[in-house]
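One structure is given here, and the rest of the page talks about it.
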Amino acid sequence: MSVVGCDVGNLSCFIAVARQGGIETVANEYSDRNTPSIVSLTSKEREIGSAAKSQIISNFKNTITNFKRLIGRPFNDPFVQNEIPNLPYKVVEMPSGGVGFQVMYGGEQTVFSVEQIYAMLLTKLKVIAETNLKKPVNDVVISVPSFYSDTERRALFAASKVAGLHCLRLFNDTTAVGLAYGIYKQDLPAPEEKPRNVIFVDVGHSAMQVSAVAFNKGKLKVLGVSFDPYLGGRNFDRKMAEHFAVDFKQRYKVDVTTNKRAGIRLLTECEKLKKTLSSNSGKMTLNIECFMEDKDVSGSMTRAMFEEICADLLERVDKPLKRLVEETKLKKEDIYSVEIVGGSTRIPAVKAIITQVFGMEPSTTMNADEAVARGCALQCAMLSPTFKVRDFTVIECCPYSVSLLWKAPLEEEGNMDIFPKHHQAPFSKMLTFYRKEPFALQAKYSNPSEVAFPCPDIGSFTINNVVPTKEGEAAKVKVKVRINIHGVFSVTQASIVEKLPEAPVQVNGNNDVSMETEAEANVKPESQNGAKPQNEGQTPMDTQQNETNTEEMNSETTNQETNAEQKEQSDSVPENNGQDDGKNAENGDAKDSKKKTEKPVEKKKKTKSTDLPILHSLFMEISDTDINDMFEKEGKMIMHDKQEMEKADARNSVEEYVYDMRSKVYERFEKYISEEDRTVFVNTLQQTEDWLYEEGENEQKNVYCTKLAELKKMGDPVVRRYTEDNARPDAFNQLGAAL
Ligand code: ATP
Ligand code: MG
């Protein structure tokens, strides 16, 4: 089984694998460990990653970049709408309401959804990993920004399926860095000691993320996260480009806003200039030949000017840092170090702000580009049953508060902050409702303003088959809600609990019959905040579309589910972080649930628990049918790319043979071919070359193979005569030596 971690960045991706007992970052077919997040569609095939880089300018209408921030977002999202003018390709609305791209592919106008484009990039990363590992890759851990909403996470998860990957975990960027930091540290405080608190800051291309992590030996706990999802390196590039657009308009009378190609070139040059200014404070120049209207342009900037132009961006850097300190209540003296990663932390002004906020120099001991991928590979190794890795518990936290809402029978709205912000994750909670009829629960982000997403809805879940008790009373319904290992909320289980007559009941191994403890009465969360047992039923919300299993993304934790089930009496079941099959399900701050479950229970009642079907309707849900459809299309495109590659290889072989033989028949092989044969051969080679550039330009692979065979029929005897002749003295010498 493969152990692979992918950091899919907005600008570029890194892949780390576990090999020979260590984690290493691997290179792509261009021997580069950095694979650009670019997908280019051409008239013949797809170019992805490094191969697509050259297409950014030459084929900009069909070359998709910056798509990481569009996945799982509605087309009418203000952020998406704001982004569109910056993108040189055509963004369209999909029937699902999501984002798609209209491109020319294979000579036809085609629309791809952002999930498909994302899947194409993942396909490429899969191939790179496979080439390095020399075996098929399925299991991966993929990084996500900690601020991704459920919808974005689900969309990315769907994309991973489309690429034929089995994503063991969507892993938050900064947590991945935390894991890469902690697992090798030998000097972490013992479990009972005060933890070592470390701040991780990742400023990438499209966003800024911060986390506070508490480390003890063998364990990390994310205390809190904060972010500016709209502040990254690209914002600086755009600011610089705006500056030069004005400058060039004045000095060269060219308007870059009217020319997309020029716009892309300017942005690329600004990024280069920005990087130069990170290591030089003096005046640095930017030159673009033949920019517009055949004019060469040049401009210059000092670091001070850069900081002035980007002042409003720089002003935003301290906000997430301060918010995190405030929310986690960490004091400066509690912070052991500040670790920075992500390309944009190389900007001196950004570093200076971090230094100022925390009162200490940030540490750059982590590999700024590769730490996320390495953390993902480590997590993948920990989740992989075949790989042995040091035990290290990872306790995530929820970036946003999640609330559950329901309609109470007397038209009263019920509302519960079920997973407050920074609550531990993964985590399950058991709720109890008293109902006579099926009922619906709606999950929402509690504070829409803090969510980097336009829609606060997560989805609604209808608990079906609820009927009154025999006595006509409201039935007791237990509902399990959960934030899973990917950071996604769902209602995972519902059951109706009936009291059985006092007479002893034969437990026959049927799962429907379970023993429960009295303890459950004491620990229901509804006692905290008004989610009171209701005595009357209510009308279910009628928004369900299909009956797919809500456990879709939870399949990897079946054992944990069982575990949790056995502890039904607890309100809160912190989950195993997936390292092993649930044996440490009570890791971390498991509060009191473990104690409750392990205490011998004195007073027992017999109850019967029957599972109830849950119908869900999630915001911008991608159906299994759609995923399968995209998977098939991706498969066809992979086959097509493979054929195109083989075709190109076959064509290249013919071309190479022509060039090689044409010169050699006058040099090395001169003595071994008659004048007459040479003329015929050279003529044939010439004809073949002409054919290659004309009607033979785009033939099937076998046509090239046949062509090559024909040429070789003429050329091989010459090569043979030459080889034999040259081998003779050698053989003779060897014979001599042997004698
Ligand atoms: P994201 O995390 O937002 O999805 P990403 O992971 O692709 O994006 P990174 O690779 O961490 O982003 O960082 C890329 C950004 O860092 C780019 O904007 C790039 O210009 C910037 N960058 C890289 N090196 C430097 C440097 N020396 N000085 C300034 N900026 C730099
Ligand atoms: Mg990144």
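Identifiers for the structure tokens are assigned positionally: chains receive A, B, ... in sequence, residues are indexed from 1 per chain, and ligands are indexed from 1 in the order shown.
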Around ligand 2, out to 6 Å and counting only C-alpha atoms and all ligand atoms, which residues are there? I want them as a ChimeraX atom specification.
/A:9,204,342
Can I get the selection written as a short mmCIF file (atom, residue, chain, number, x, y, z; two decimals), in the first residue's frame, with N, CA, C and O atoms?
```
data_model
loop_
_atom_site.label_atom_id
_atom_site.label_comp_id
_atom_site.auth_asym_id
_atom_site.auth_seq_id
_atom_site.Cartn_x
_atom_site.Cartn_y
_atom_site.Cartn_z
N GLY A 9 -1.39 23.26 -3.36
CA GLY A 9 -1.44 24.69 -3.12
C GLY A 9 -2.15 25.41 -4.24
O GLY A 9 -2.40 24.83 -5.31
N GLY A 204 0.63 31.60 2.12
CA GLY A 204 0.88 30.99 0.81
C GLY A 204 0.62 31.96 -0.32
O GLY A 204 0.91 33.15 -0.24
N GLY A 342 5.30 28.51 4.06
CA GLY A 342 4.56 29.16 2.97
C GLY A 342 5.44 30.24 2.36
O GLY A 342 6.14 30.96 3.07
#
```
Which residues form the shell of 7 Å around ligand 1 when you count only C-alpha atoms and all ligand atoms, given as a ChimeraX atom specification?
/A:8-13,68,203-208,232-234,271,274-276,278,341-347,369
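Distance check against Val144 (chain A) using only C-alpha atoms: of A:Leu313, A:Ile57, A:Ala373, A:Cys270, the minimum falls on A:Ala373.
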Checklist line | Residues near Ser337 (chain A), cut-off 9 Å, only C-alpha atoms, skip fewer than 2 positions along chain, as a VMD selection string | finding: chain A and resid 196 to 200 335 339 358 360 to 363
Keeping N, CA, C and O atoms for every residue in the selection just given, could you write it to a file as an mmCIF file, in the first residue's frame?
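Once everything was written out, this is result.cif:
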```
data_model
loop_
_atom_site.group_PDB
_atom_site.id
_atom_site.type_symbol
_atom_site.label_atom_id
_atom_site.label_comp_id
_atom_site.auth_asym_id
_atom_site.auth_seq_id
_atom_site.Cartn_x
_atom_site.Cartn_y
_atom_site.Cartn_z
ATOM 1 N N ARG A 196 4.032 22.214 25.363
ATOM 2 C CA ARG A 196 4.813 23.228 24.639
ATOM 3 C C ARG A 196 3.889 23.814 23.575
ATOM 4 O O ARG A 196 3.391 23.102 22.709
ATOM 5 N N ASN A 197 3.664 25.116 23.665
ATOM 6 C CA ASN A 197 2.762 25.761 22.692
ATOM 7 C C ASN A 197 3.551 26.393 21.555
ATOM 8 O O ASN A 197 4.448 27.195 21.797
ATOM 9 N N VAL A 198 3.200 26.010 20.361
ATOM 10 C CA VAL A 198 3.891 26.543 19.191
ATOM 11 C C VAL A 198 2.858 27.168 18.246
ATOM 12 O O VAL A 198 1.768 26.640 18.072
ATOM 13 N N ILE A 199 3.226 28.317 17.699
ATOM 14 C CA ILE A 199 2.359 28.970 16.714
ATOM 15 C C ILE A 199 2.892 28.622 15.322
ATOM 16 O O ILE A 199 4.093 28.699 15.075
ATOM 17 N N PHE A 200 2.002 28.216 14.447
ATOM 18 C CA PHE A 200 2.385 27.966 13.058
ATOM 19 C C PHE A 200 1.711 28.992 12.159
ATOM 20 O O PHE A 200 0.505 29.200 12.259
ATOM 21 N N ILE A 335 4.183 30.978 24.814
ATOM 22 C CA ILE A 335 4.518 30.547 23.447
ATOM 23 C C ILE A 335 6.004 30.204 23.354
ATOM 24 O O ILE A 335 6.861 31.027 23.617
ATOM 25 N N GLU A 339 6.673 29.140 14.241
ATOM 26 C CA GLU A 339 7.255 28.508 13.055
ATOM 27 C C GLU A 339 6.551 29.028 11.820
ATOM 28 O O GLU A 339 5.311 29.020 11.769
ATOM 29 N N PHE A 358 4.343 38.617 18.177
ATOM 30 C CA PHE A 358 4.673 37.599 19.178
ATOM 31 C C PHE A 358 5.883 37.968 20.034
ATOM 32 O O PHE A 358 6.239 37.245 20.964
ATOM 33 N N MET A 360 8.906 37.804 19.282
ATOM 34 C CA MET A 360 10.070 36.929 19.055
ATOM 35 C C MET A 360 10.264 36.692 17.562
ATOM 36 O O MET A 360 9.308 36.757 16.792
ATOM 37 N N GLU A 361 11.525 36.434 17.197
ATOM 38 C CA GLU A 361 11.848 36.130 15.803
ATOM 39 C C GLU A 361 11.169 34.830 15.408
ATOM 40 O O GLU A 361 11.299 33.830 16.125
ATOM 41 N N PRO A 362 10.459 34.810 14.308
ATOM 42 C CA PRO A 362 9.898 33.512 13.912
ATOM 43 C C PRO A 362 11.007 32.550 13.483
ATOM 44 O O PRO A 362 12.035 32.981 12.953
ATOM 45 N N SER A 363 10.773 31.286 13.734
ATOM 46 C CA SER A 363 11.771 30.275 13.387
ATOM 47 C C SER A 363 11.500 29.762 11.978
ATOM 48 O O SER A 363 10.340 29.563 11.582
#
```
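Across region 66-116 of chain A, DSSP run on the backbone finds helix (DSSP H, G or I) at Pro78, Phe79, Val80, Gln81, Asn82, Glu83, Ile84, Pro85, Asn86, Val114, Glu115 and Gln116 of chain A.
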Output N, CA and C atoms for every residue in that selection, as a tab-separated table (two decimals), in the first residue's frame.
```
chain	number	residue	atom	x	y	z
A	78	PRO	N	-19.83	35.92	-3.87
A	78	PRO	CA	-19.17	37.21	-4.17
A	78	PRO	C	-17.66	37.06	-4.39
A	79	PHE	N	-17.05	36.14	-3.65
A	79	PHE	CA	-15.61	35.93	-3.83
A	79	PHE	C	-15.30	35.42	-5.24
A	80	VAL	N	-16.11	34.46	-5.70
A	80	VAL	CA	-15.92	33.91	-7.04
A	80	VAL	C	-16.13	35.02	-8.07
A	81	GLN	N	-17.17	35.79	-7.88
A	81	GLN	CA	-17.48	36.87	-8.82
A	81	GLN	C	-16.35	37.91	-8.86
A	82	ASN	N	-15.77	38.15	-7.71
A	82	ASN	CA	-14.65	39.08	-7.62
A	82	ASN	C	-13.41	38.55	-8.31
A	83	GLU	N	-13.27	37.23	-8.26
A	83	GLU	CA	-12.10	36.56	-8.78
A	83	GLU	C	-12.13	36.52	-10.32
A	84	ILE	N	-13.32	36.39	-10.88
A	84	ILE	CA	-13.45	36.17	-12.32
A	84	ILE	C	-12.70	37.21	-13.18
A	85	PRO	N	-12.81	38.50	-12.88
A	85	PRO	CA	-12.08	39.46	-13.74
A	85	PRO	C	-10.57	39.25	-13.73
A	86	ASN	N	-10.05	38.58	-12.71
A	86	ASN	CA	-8.61	38.33	-12.65
A	86	ASN	C	-8.20	37.08	-13.42
A	114	VAL	N	-15.06	22.54	-11.76
A	114	VAL	CA	-13.82	22.76	-11.02
A	114	VAL	C	-13.36	21.46	-10.33
A	115	GLU	N	-14.33	20.60	-9.99
A	115	GLU	CA	-13.94	19.31	-9.38
A	115	GLU	C	-13.17	18.48	-10.41
A	116	GLN	N	-13.61	18.55	-11.66
A	116	GLN	CA	-12.91	17.78	-12.70
A	116	GLN	C	-11.50	18.29	-12.91
```
Next on the checklist: Give me the residues near Ala119 (chain A) as a ChimeraX atom specification, where near means some atom within 7 Å (using only C-alpha atoms) and where sequence neighbours in that chain fewer than 3 positions away do not count.
Outcome noted: /A:115-116,122-123,159-160,162-163
For the selection you just gave me, I'd like the residues written to a file as a CSV table (one decimal), in the first residue's frame, keeping N, CA and C atoms.
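Contents of result_25.csv, as written:
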```csv
chain,number,residue,atom,x,y,z
A,115,GLU,N,-14.3,20.6,-10.0
A,115,GLU,CA,-13.9,19.3,-9.4
A,115,GLU,C,-13.2,18.5,-10.4
A,116,GLN,N,-13.6,18.5,-11.7
A,116,GLN,CA,-12.9,17.8,-12.7
A,116,GLN,C,-11.5,18.3,-12.9
A,122,LEU,N,-4.9,16.1,-9.5
A,122,LEU,CA,-4.6,15.0,-8.6
A,122,LEU,C,-4.2,13.8,-9.4
A,123,THR,N,-4.7,13.6,-10.5
A,123,THR,CA,-4.3,12.5,-11.4
A,123,THR,C,-2.8,12.6,-11.7
A,159,ALA,N,-13.4,15.2,-5.7
A,159,ALA,CA,-12.3,15.3,-6.8
A,159,ALA,C,-11.3,14.2,-6.6
A,160,SER,N,-11.0,13.9,-5.3
A,160,SER,CA,-10.0,12.8,-5.1
A,160,SER,C,-10.6,11.5,-5.6
A,162,VAL,N,-12.7,11.1,-8.0
A,162,VAL,CA,-12.7,11.2,-9.5
A,162,VAL,C,-11.3,10.8,-10.0
A,163,ALA,N,-10.2,11.2,-9.2
A,163,ALA,CA,-8.9,10.9,-9.6
A,163,ALA,C,-8.5,9.4,-9.2
```
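Once Tyr657 (chain A) and its same-chain neighbours fewer than 4 positions away are set aside, Ala650, Arg651, Asn652, Ser653, Met661, Arg662, Ser663, Lys664, Val665, Val682, Thr684, Leu685, Gln686, Thr688, Glu689, Tyr704, Cys705, Lys707, Leu708, Ala709, Glu710, Leu711, Lys712, Met714, Gly715 and Asp716 of chain A remain within 12 Å of it when counting only C-alpha atoms.
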Report as a tab-separated table the residues of region 225-271 of chain A within 10 Å of region 451-454 of chain A, each with its shortest atom pair and distance in Å (one decimal), using only C-alpha atoms, ordered by chain and increasing residue number.
```
residue	atom	partner	partner_atom	distance
A:Phe227	CA	A:Ala452	CA	9.2
A:Asp228	CA	A:Ala452	CA	8.6
A:Pro229	CA	A:Ala452	CA	6.7
A:Tyr230	CA	A:Ala452	CA	8.8
```
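Closest approach to Asp391 (chain A) from the set A:Lys470, A:Glu289, A:Leu220, A:Glu333 is made by A:Leu220, with distances taken over only C-alpha atoms.
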So that I can check the secondary structure, give me every residue of region 248-428 of chain A assigned strand (DSSP E or B) by backbone DSSP, as a PDB file with C-alpha atoms, in the first residue's frame.
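Done, and the output landed in states.pdb:
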```
ATOM      1  CA  MET A 284      15.205  46.349  -8.684  1.00  0.00           C
ATOM      2  CA  THR A 285      14.022  46.382 -12.251  1.00  0.00           C
ATOM      3  CA  LEU A 286      11.451  44.663 -14.354  1.00  0.00           C
ATOM      4  CA  ASN A 287      11.785  44.390 -18.122  1.00  0.00           C
ATOM      5  CA  ILE A 288       9.281  42.997 -20.570  1.00  0.00           C
ATOM      6  CA  GLU A 289      10.155  42.841 -24.232  1.00  0.00           C
ATOM      7  CA  CYS A 290       7.522  43.390 -26.828  1.00  0.00           C
ATOM      8  CA  PHE A 291       4.957  44.007 -24.136  1.00  0.00           C
ATOM      9  CA  MET A 292       2.221  45.677 -26.165  1.00  0.00           C
ATOM     10  CA  LYS A 295       6.958  48.235 -27.195  1.00  0.00           C
ATOM     11  CA  ASP A 296       9.529  47.026 -24.693  1.00  0.00           C
ATOM     12  CA  VAL A 297       8.724  48.232 -21.212  1.00  0.00           C
ATOM     13  CA  SER A 298      10.682  48.485 -18.004  1.00  0.00           C
ATOM     14  CA  GLY A 299       9.968  49.586 -14.495  1.00  0.00           C
ATOM     15  CA  SER A 300      11.616  49.535 -11.126  1.00  0.00           C
ATOM     16  CA  MET A 301      10.800  49.285  -7.462  1.00  0.00           C
ATOM     17  CA  ILE A 335       4.518  30.547  23.447  1.00  0.00           C
ATOM     18  CA  TYR A 336       7.624  28.458  22.915  1.00  0.00           C
ATOM     19  CA  SER A 337       8.214  29.382  19.289  1.00  0.00           C
ATOM     20  CA  VAL A 338       6.616  30.674  16.118  1.00  0.00           C
ATOM     21  CA  GLU A 339       7.255  28.508  13.055  1.00  0.00           C
ATOM     22  CA  ILE A 340       6.658  30.024   9.650  1.00  0.00           C
ATOM     23  CA  VAL A 341       6.037  28.256   6.353  1.00  0.00           C
ATOM     24  CA  SER A 363      11.771  30.275  13.387  1.00  0.00           C
ATOM     25  CA  THR A 393      -1.948  11.542  18.423  1.00  0.00           C
ATOM     26  CA  VAL A 394      -3.347  14.423  16.401  1.00  0.00           C
ATOM     27  CA  ILE A 395      -6.254  16.326  17.887  1.00  0.00           C
ATOM     28  CA  GLU A 396      -7.757  18.776  15.460  1.00  0.00           C
ATOM     29  CA  CYS A 397     -10.079  21.640  16.204  1.00  0.00           C
ATOM     30  CA  VAL A 402     -21.621  24.485  14.086  1.00  0.00           C
ATOM     31  CA  SER A 403     -25.244  24.731  15.202  1.00  0.00           C
ATOM     32  CA  LEU A 404     -28.096  22.344  14.920  1.00  0.00           C
ATOM     33  CA  LEU A 405     -31.590  23.695  14.399  1.00  0.00           C
ATOM     34  CA  TRP A 406     -34.932  21.986  14.475  1.00  0.00           C
ATOM     35  CA  LYS A 407     -38.544  22.836  14.405  1.00  0.00           C
ATOM     36  CA  GLU A 413     -37.402  26.756  17.038  1.00  0.00           C
ATOM     37  CA  GLY A 414     -34.817  24.601  18.724  1.00  0.00           C
ATOM     38  CA  ASN A 415     -31.212  25.623  18.355  1.00  0.00           C
ATOM     39  CA  MET A 416     -28.016  24.270  19.785  1.00  0.00           C
ATOM     40  CA  ASP A 417     -24.402  25.256  19.318  1.00  0.00           C
ATOM     41  CA  ILE A 418     -23.408  21.675  18.929  1.00  0.00           C
ATOM     42  CA  PHE A 419     -19.717  22.063  18.103  1.00  0.00           C
ATOM     43  CA  GLN A 424     -11.925  19.164  19.468  1.00  0.00           C
ATOM     44  CA  ALA A 425     -12.275  17.090  16.284  1.00  0.00           C
ATOM     45  CA  PHE A 427     -15.724  14.082  17.664  1.00  0.00           C
ATOM     46  CA  SER A 428     -19.138  12.473  18.061  1.00  0.00           C
TER      47      SER A 428
END
```
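For the choices A:Phe489, A:Phe215, A:Tyr181, A:Phe306, the atom-to-atom distance to Pro195 (chain A) is smallest for A:Phe215 when using only C-alpha atoms.
In terms of minimum interatomic distance to Leu170 (chain A), A:Asp150 ranks closest within A:Asp150, A:Glu471, A:Asp187, A:Glu192, counting only C-alpha atoms.
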Counting only C-alpha atoms, closest pick from A:Glu29, A:Asp139, A:Glu130, A:Glu670 relative to Leu383 (chain A) is A:Asp139
I'd like the neighbourhood of Ser113 (chain A) as a PyMOL selection string, where a residue qualifies if any of its atoms comes within 9 Å (using only C-alpha atoms), though same-chain residues fewer than 4 positions away should be ignored. chain A and resi 71+92-94+98-102+117-118
Save out the residues we just selected, N, CA and C atoms, as a tab-separated table (two decimals), in the first residue's frame.
```
chain	number	residue	atom	x	y	z
A	71	ILE	N	-13.14	25.68	-5.83
A	71	ILE	CA	-13.79	24.38	-5.64
A	71	ILE	C	-14.77	24.44	-4.46
A	92	VAL	N	-17.76	29.60	-15.91
A	92	VAL	CA	-19.21	29.49	-16.14
A	92	VAL	C	-19.89	28.84	-14.93
A	93	GLU	N	-21.20	28.99	-14.88
A	93	GLU	CA	-21.95	28.37	-13.80
A	93	GLU	C	-22.38	26.96	-14.23
A	94	MET	N	-22.15	26.00	-13.36
A	94	MET	CA	-22.54	24.62	-13.65
A	94	MET	C	-24.02	24.45	-13.28
A	98	GLY	N	-22.41	25.33	-9.04
A	98	GLY	CA	-20.97	25.47	-8.78
A	98	GLY	C	-20.24	26.12	-9.94
A	99	VAL	N	-18.91	26.06	-9.85
A	99	VAL	CA	-18.06	26.73	-10.82
A	99	VAL	C	-17.58	25.75	-11.89
A	100	GLY	N	-17.56	26.22	-13.13
A	100	GLY	CA	-17.03	25.42	-14.23
A	100	GLY	C	-16.20	26.31	-15.16
A	101	PHE	N	-15.51	25.66	-16.09
A	101	PHE	CA	-14.67	26.40	-17.03
A	101	PHE	C	-15.01	25.98	-18.44
A	102	GLN	N	-15.14	26.96	-19.30
A	102	GLN	CA	-15.42	26.65	-20.70
A	102	GLN	C	-14.13	26.78	-21.50
A	117	ILE	N	-11.35	19.61	-12.90
A	117	ILE	CA	-10.02	20.19	-13.10
A	117	ILE	C	-9.12	19.81	-11.91
A	118	TYR	N	-9.69	19.89	-10.73
A	118	TYR	CA	-8.94	19.52	-9.53
A	118	TYR	C	-8.51	18.05	-9.63
```
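Between Lys633 (chain A) and the residues A:Pro95, A:Lys671, A:Pro36, A:Gly164, the shortest atom-to-atom distance, using only C-alpha atoms, involves A:Gly164.
Straight-line separation from CA of Cys310 (chain A) to CA of Thr257 (chain A): 19.8 Å.
Here CA of Ile183 (chain A) is placed at a distance of 18.9 Å from CA of Val140 (chain A).
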